[in-house]
Amino acid sequence: MCYEYQASVAAEPTGQGQPATTELAPGGFTGKAVEAIKASRYTYVQVDTGKEKIWAATTDFRGKVGDMVIVPPQGLPMKDFHSNTLNRDFEMVYFVGVIVVAGHGEGLSKQPQIPGHPPIAGKGSVPQPEISGIVKAKNGKTVAEVYAAREDLAGKPVLVRGRVVKFFPKIMGKNWVHLQDGSGSEGTNDLTVTTDAMVEVGDLVLVSGVVSVDRDFGHGYSFTVLLEDAKVTAAE
């Protein structure tokens, strides 16, 4: 069984999500919302595609039962998922950043979402932290520099100053931080960090961790660069 993160109690997953039984088309899947259940910070929505009924879970659902909705493909399918809040088992549920009401989408996140914490929703729905003017840490690297020198830095510790733009706590026993500092371009401007530290989106932090390259957690969720087991402190 896999267990969800709750606002007050973070239960660590005890199993891995399995590949989805339903193959997702490039545009995800669409259908009518036939059931919507609010549970802690998630809403579980059952979507009737006309061929089958599929469950999806998100923290950003602004529709209602009866609406036509779009479930994007960037989520993570979790098999045999147990919701502690609902005390209910789901044979399969897709965790996604947002479930869009047809005709009201403003763009969907292209980043994979890890279940367990409210993911960043579609573009424009959540204010993005300011990342301009961030100065590189003394004896440290910028996010772009870590990407550029990743092969040489593999297995070595680095220091990075940046702004927390996403935070996913208590997933597979770790907290997951997405860090940006204004350097780099698409694909080299966002550094993923695992840590025991608790942070908030918008925090300016110093991160010290060991560089890992080409980390693959399965189900299409891989990282070109990852800072693992990092120490995180507030930055000035």
# chains A, B, ... in the order shown; residues from 1 in each chain; ligands from 1
call {"tool": "residues_around", "arguments": {"residues": "Gln46 in chain A", "least_positions_apart": "5", "cutoff": "10 Å", "atoms": "only C-alpha atoms", "output": "MDAnalysis selection string"}}
result
chainID A and resid 31:37 53:57 65 93
call {"tool": "write_last_selection", "arguments": {"atoms": "C-alpha atoms", "output": "tab-separated table (two decimals), in the first residue's frame"}}
result
chain	number	residue	atom	x	y	z
A	31	GLY	CA	-14.38	12.92	-19.38
A	32	LYS	CA	-17.16	13.88	-17.03
A	33	ALA	CA	-16.51	14.30	-13.30
A	34	VAL	CA	-18.98	11.87	-11.75
A	35	GLU	CA	-17.70	12.02	-8.18
A	36	ALA	CA	-15.54	14.46	-6.21
A	37	ILE	CA	-14.37	13.76	-2.66
A	53	LYS	CA	-14.06	5.40	-14.80
A	54	ILE	CA	-10.68	6.65	-13.59
A	55	TRP	CA	-9.69	8.30	-10.29
A	56	ALA	CA	-7.39	11.32	-10.18
A	57	ALA	CA	-6.26	13.36	-7.17
A	65	VAL	CA	-19.66	16.93	-10.42
A	93	VAL	CA	-5.28	6.87	-8.69
call {"tool": "atom_distance", "arguments": {"atom1": "CA of Phe90 in chain A", "atom2": "CA of Val201 in chain A"}}
result
29.9 Å
call {"tool": "closest_residue", "arguments": {"among": "A:Ser185, A:Thr233, A:Ser83, A:Asn175", "to": "Ser208 in chain A", "atoms": "only C-alpha atoms"}}
result
A:Thr233
call {"tool": "closest_residue", "arguments": {"among": "A:Val232, A:Ile70, A:Leu204, A:Val100", "to": "Thr30 in chain A", "atoms": "only C-alpha atoms"}}
result
A:Ile70
call {"tool": "residues_around", "arguments": {"residues": "Trp176 in chain A", "least_positions_apart": "4", "cutoff": "7 Å", "atoms": "only C-alpha atoms", "output": "mmCIF file with N, CA and C atoms, in the first residue's frame"}}
result
data_model
loop_
_atom_site.group_PDB
_atom_site.id
_atom_site.type_symbol
_atom_site.label_atom_id
_atom_site.label_comp_id
_atom_site.auth_asym_id
_atom_site.auth_seq_id
_atom_site.Cartn_x
_atom_site.Cartn_y
_atom_site.Cartn_z
ATOM 1 N N PHE A 167 7.974 22.441 -3.133
ATOM 2 C CA PHE A 167 8.348 21.654 -1.961
ATOM 3 C C PHE A 167 7.371 20.500 -1.792
ATOM 4 N N PHE A 168 7.923 19.280 -1.708
ATOM 5 C CA PHE A 168 7.123 18.067 -1.568
ATOM 6 C C PHE A 168 7.632 17.305 -0.335
ATOM 7 N N PRO A 169 6.972 17.394 0.806
ATOM 8 C CA PRO A 169 7.487 16.725 2.005
ATOM 9 C C PRO A 169 7.091 15.259 2.114
ATOM 10 N N THR A 192 16.665 19.842 -8.369
ATOM 11 C CA THR A 192 15.910 19.068 -7.388
ATOM 12 C C THR A 192 16.832 18.610 -6.263
ATOM 13 N N VAL A 193 16.347 18.733 -5.030
ATOM 14 C CA VAL A 193 17.144 18.440 -3.842
ATOM 15 C C VAL A 193 16.337 17.536 -2.913
ATOM 16 N N THR A 194 16.977 16.525 -2.346
ATOM 17 C CA THR A 194 16.325 15.747 -1.283
ATOM 18 C C THR A 194 16.983 16.099 0.044
ATOM 19 N N THR A 195 16.160 16.178 1.094
ATOM 20 C CA THR A 195 16.654 16.639 2.380
ATOM 21 C C THR A 195 15.705 16.212 3.496
#
call {"tool": "closest_residue", "arguments": {"among": "A:Thr224, A:Asn189, A:Thr59, A:Asn139", "to": "Lys38 in chain A", "atoms": "only C-alpha atoms"}}
result
A:Thr59
call {"tool": "closest_residue", "arguments": {"among": "A:Leu86, A:Ala144, A:Val69, A:Phe29", "to": "Arg41 in chain A", "atoms": "only C-alpha atoms"}}
result
A:Leu86
call {"tool": "closest_residue", "arguments": {"among": "A:Asp196, A:Asp60, A:Glu186, A:Asp181", "to": "Asp229 in chain A", "atoms": "only C-alpha atoms"}}
result
A:Asp196
call {"tool": "closest_residue", "arguments": {"among": "A:Gly133, A:Gly63, A:Pro157, A:Gly202", "to": "Leu226 in chain A", "atoms": "only C-alpha atoms"}}
result
A:Pro157
call {"tool": "atom_distance", "arguments": {"atom1": "CA of Leu191 in chain A", "atom2": "CA of Ala235 in chain A"}}
result
16.6 Å
